[in-house]
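Asks: run-v4.cif is the file, holding mmCIF, N, CA and C atoms:
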```cif
data_my_file
#
loop_
_atom_site.label_atom_id
_atom_site.label_comp_id
_atom_site.auth_asym_id
_atom_site.auth_seq_id
_atom_site.Cartn_x
_atom_site.Cartn_y
_atom_site.Cartn_z
N MET W 1 112.58 138.40 58.25
CA MET W 1 112.39 138.66 56.84
C MET W 1 112.52 137.36 56.05
N ASN W 2 111.50 136.63 56.01
CA ASN W 2 111.53 135.35 55.31
C ASN W 2 111.56 135.51 53.80
N ASP W 3 111.06 136.62 53.29
CA ASP W 3 110.93 136.77 51.86
C ASP W 3 112.10 137.49 51.21
N LEU W 4 113.14 137.80 51.94
CA LEU W 4 114.32 138.46 51.37
C LEU W 4 115.17 137.41 50.69
N LYS W 5 115.42 137.59 49.41
CA LYS W 5 116.21 136.63 48.66
C LYS W 5 117.46 137.31 48.11
N MET W 6 118.52 136.55 48.04
CA MET W 6 119.76 137.06 47.46
C MET W 6 120.10 136.21 46.25
N PHE W 7 120.77 136.86 45.28
CA PHE W 7 121.09 136.18 44.04
C PHE W 7 122.54 136.41 43.67
N ARG W 8 123.12 135.41 43.04
CA ARG W 8 124.47 135.53 42.49
C ARG W 8 124.32 135.72 40.98
N VAL W 9 124.98 136.76 40.47
CA VAL W 9 124.93 137.05 39.04
C VAL W 9 126.33 136.87 38.48
N ALA W 10 126.46 135.98 37.49
CA ALA W 10 127.76 135.73 36.88
C ALA W 10 127.56 135.27 35.44
N ASP W 11 128.32 135.85 34.56
CA ASP W 11 128.29 135.46 33.14
C ASP W 11 126.89 135.45 32.55
N GLY W 12 126.07 136.46 32.91
CA GLY W 12 124.74 136.58 32.36
C GLY W 12 123.73 135.59 32.95
N GLN W 13 124.12 134.85 33.97
CA GLN W 13 123.23 133.89 34.61
C GLN W 13 122.93 134.34 36.04
N VAL W 14 121.72 134.07 36.50
CA VAL W 14 121.30 134.43 37.85
C VAL W 14 120.94 133.15 38.60
N ALA W 15 121.48 133.02 39.82
CA ALA W 15 121.15 131.86 40.65
C ALA W 15 120.83 132.35 42.05
N GLU W 16 119.74 131.83 42.62
CA GLU W 16 119.37 132.20 43.98
C GLU W 16 120.37 131.59 44.96
N ILE W 17 120.76 132.38 45.95
CA ILE W 17 121.63 131.89 47.01
C ILE W 17 120.71 131.40 48.12
N PRO W 18 120.77 130.11 48.46
CA PRO W 18 119.87 129.60 49.50
C PRO W 18 120.18 130.23 50.85
N GLY W 19 119.13 130.56 51.59
CA GLY W 19 119.30 131.18 52.90
C GLY W 19 119.47 130.13 53.97
N ALA W 20 120.07 130.55 55.07
CA ALA W 20 120.24 129.67 56.22
C ALA W 20 120.37 130.52 57.47
N ALA W 21 119.89 130.00 58.57
CA ALA W 21 120.03 130.71 59.84
C ALA W 21 121.47 130.55 60.32
N VAL W 22 122.02 131.65 60.82
CA VAL W 22 123.39 131.61 61.33
C VAL W 22 123.43 132.28 62.68
N ALA W 23 124.43 131.97 63.46
CA ALA W 23 124.60 132.59 64.77
C ALA W 23 125.03 134.04 64.59
N LEU W 24 124.65 134.87 65.55
CA LEU W 24 125.04 136.28 65.54
C LEU W 24 126.56 136.35 65.63
N ASP W 25 127.18 137.06 64.73
CA ASP W 25 128.64 137.16 64.77
C ASP W 25 129.08 138.60 64.99
N ARG W 26 130.36 138.81 65.12
CA ARG W 26 130.89 140.14 65.41
C ARG W 26 130.55 141.14 64.31
N GLN W 27 130.58 140.74 63.05
CA GLN W 27 130.25 141.66 61.96
C GLN W 27 128.83 142.19 62.10
N GLN W 28 127.88 141.32 62.39
CA GLN W 28 126.49 141.74 62.51
C GLN W 28 126.34 142.69 63.69
N THR W 29 126.97 142.37 64.80
CA THR W 29 126.91 143.24 65.97
C THR W 29 127.52 144.60 65.64
N LEU W 30 128.63 144.61 64.95
CA LEU W 30 129.29 145.86 64.55
C LEU W 30 128.36 146.69 63.68
N ILE W 31 127.71 146.07 62.73
CA ILE W 31 126.78 146.79 61.85
C ILE W 31 125.60 147.33 62.64
N GLU W 32 125.03 146.50 63.53
CA GLU W 32 123.88 146.96 64.31
C GLU W 32 124.23 148.16 65.18
N ARG W 33 125.44 148.17 65.76
CA ARG W 33 125.83 149.29 66.62
C ARG W 33 126.11 150.56 65.83
N ASN W 34 126.35 150.43 64.52
CA ASN W 34 126.73 151.58 63.71
C ASN W 34 125.77 151.84 62.56
N MET W 35 124.52 151.39 62.69
CA MET W 35 123.54 151.55 61.62
C MET W 35 123.30 153.02 61.26
N ASP W 36 123.28 153.88 62.25
CA ASP W 36 123.04 155.29 61.99
C ASP W 36 124.11 155.86 61.06
N ALA W 37 125.34 155.58 61.35
CA ALA W 37 126.43 156.12 60.53
C ALA W 37 126.52 155.44 59.17
N MET W 38 126.32 154.13 59.13
CA MET W 38 126.50 153.38 57.89
C MET W 38 125.32 153.51 56.93
N LEU W 39 124.12 153.48 57.47
CA LEU W 39 122.93 153.42 56.63
C LEU W 39 122.02 154.64 56.77
N GLU W 40 122.41 155.56 57.65
CA GLU W 40 121.62 156.75 57.92
C GLU W 40 120.22 156.42 58.40
N ILE W 41 120.12 155.33 59.19
CA ILE W 41 118.85 154.99 59.84
C ILE W 41 119.13 154.69 61.30
N ARG W 42 118.12 154.80 62.12
CA ARG W 42 118.26 154.52 63.55
C ARG W 42 117.41 153.31 63.90
N PRO W 43 117.98 152.37 64.67
CA PRO W 43 117.18 151.22 65.10
C PRO W 43 116.03 151.65 65.99
N ARG W 44 114.93 150.92 65.95
CA ARG W 44 113.76 151.23 66.78
C ARG W 44 114.08 150.92 68.22
N SER W 45 113.61 151.76 69.09
CA SER W 45 113.79 151.55 70.52
C SER W 45 112.85 150.48 71.01
N THR W 46 113.33 149.62 71.89
CA THR W 46 112.46 148.61 72.46
C THR W 46 111.87 149.08 73.78
N THR W 47 112.27 150.29 74.20
CA THR W 47 111.76 150.86 75.44
C THR W 47 110.45 151.58 75.14
N PRO W 48 109.37 151.29 75.89
CA PRO W 48 108.11 151.98 75.64
C PRO W 48 108.23 153.49 75.89
N VAL W 49 107.56 154.27 75.08
CA VAL W 49 107.58 155.72 75.21
C VAL W 49 106.31 156.14 75.93
N ARG W 50 106.47 156.91 77.00
CA ARG W 50 105.30 157.41 77.72
C ARG W 50 104.88 158.75 77.18
N VAL W 51 103.59 158.91 77.01
CA VAL W 51 103.07 160.18 76.48
C VAL W 51 102.40 160.97 77.57
#
```
Transcribe the structure of this file into structure tokens.
Replies:
Amino acid sequence: MNDLKMFRVADGQVAEIPGAAVALDRQQTLIERNMDAMLEIRPRSTTPVRV
């Protein structure tokens, strides 16, 4: 998602937060394992489905 931008809003001013690549950490792994419960969505399966 290259086009996802985040902003800091303070005292009526908006500033873009510059993005940077980071290593996968425990928080991200925790969120990915619990996406269904936290966000009510299910990650896509990488296993091909046979019809």
Asks: With the PyMOL selection byres ((chain W and resi 17) around 6) as the selection, what would be picked from this file? Answer as an mmCIF file with N, CA and C atoms, in the coordinates of the input, please.
Replies:
```cif
data_model
loop_
_atom_site.group_PDB
_atom_site.id
_atom_site.type_symbol
_atom_site.label_atom_id
_atom_site.label_comp_id
_atom_site.auth_asym_id
_atom_site.auth_seq_id
_atom_site.Cartn_x
_atom_site.Cartn_y
_atom_site.Cartn_z
ATOM 1 N N MET W 6 118.520 136.550 48.040
ATOM 2 C CA MET W 6 119.760 137.060 47.460
ATOM 3 C C MET W 6 120.100 136.210 46.250
ATOM 4 N N PHE W 7 120.770 136.860 45.280
ATOM 5 C CA PHE W 7 121.090 136.180 44.040
ATOM 6 C C PHE W 7 122.540 136.410 43.670
ATOM 7 N N ARG W 8 123.120 135.410 43.040
ATOM 8 C CA ARG W 8 124.470 135.530 42.490
ATOM 9 C C ARG W 8 124.320 135.720 40.980
ATOM 10 N N ALA W 15 121.480 133.020 39.820
ATOM 11 C CA ALA W 15 121.150 131.860 40.650
ATOM 12 C C ALA W 15 120.830 132.350 42.050
ATOM 13 N N GLU W 16 119.740 131.830 42.620
ATOM 14 C CA GLU W 16 119.370 132.200 43.980
ATOM 15 C C GLU W 16 120.370 131.590 44.960
ATOM 16 N N PRO W 18 120.770 130.110 48.460
ATOM 17 C CA PRO W 18 119.870 129.600 49.500
ATOM 18 C C PRO W 18 120.180 130.230 50.850
ATOM 19 N N GLY W 19 119.130 130.560 51.590
ATOM 20 C CA GLY W 19 119.300 131.180 52.900
ATOM 21 C C GLY W 19 119.470 130.130 53.970
#
```
Asks: Please measure the separation of atom CA of W:Gln28 and atom C of W:Val9, giving the value in Å to one decimal.
Replies: 24.5 Å
Asks: So what do you get for atom N of W:Glu32 versus atom N of W:Ala10, distance-wise?
Replies: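 Interatomic distance, atom N of W:Glu32 to atom N of W:Ala10: 28.1 Å.
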Asks: Report, in Å to a single decimal, how far apart atom CA of W:Arg26 and atom CA of W:Leu39 are.
Replies: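 So the answer is 17.8 Å.
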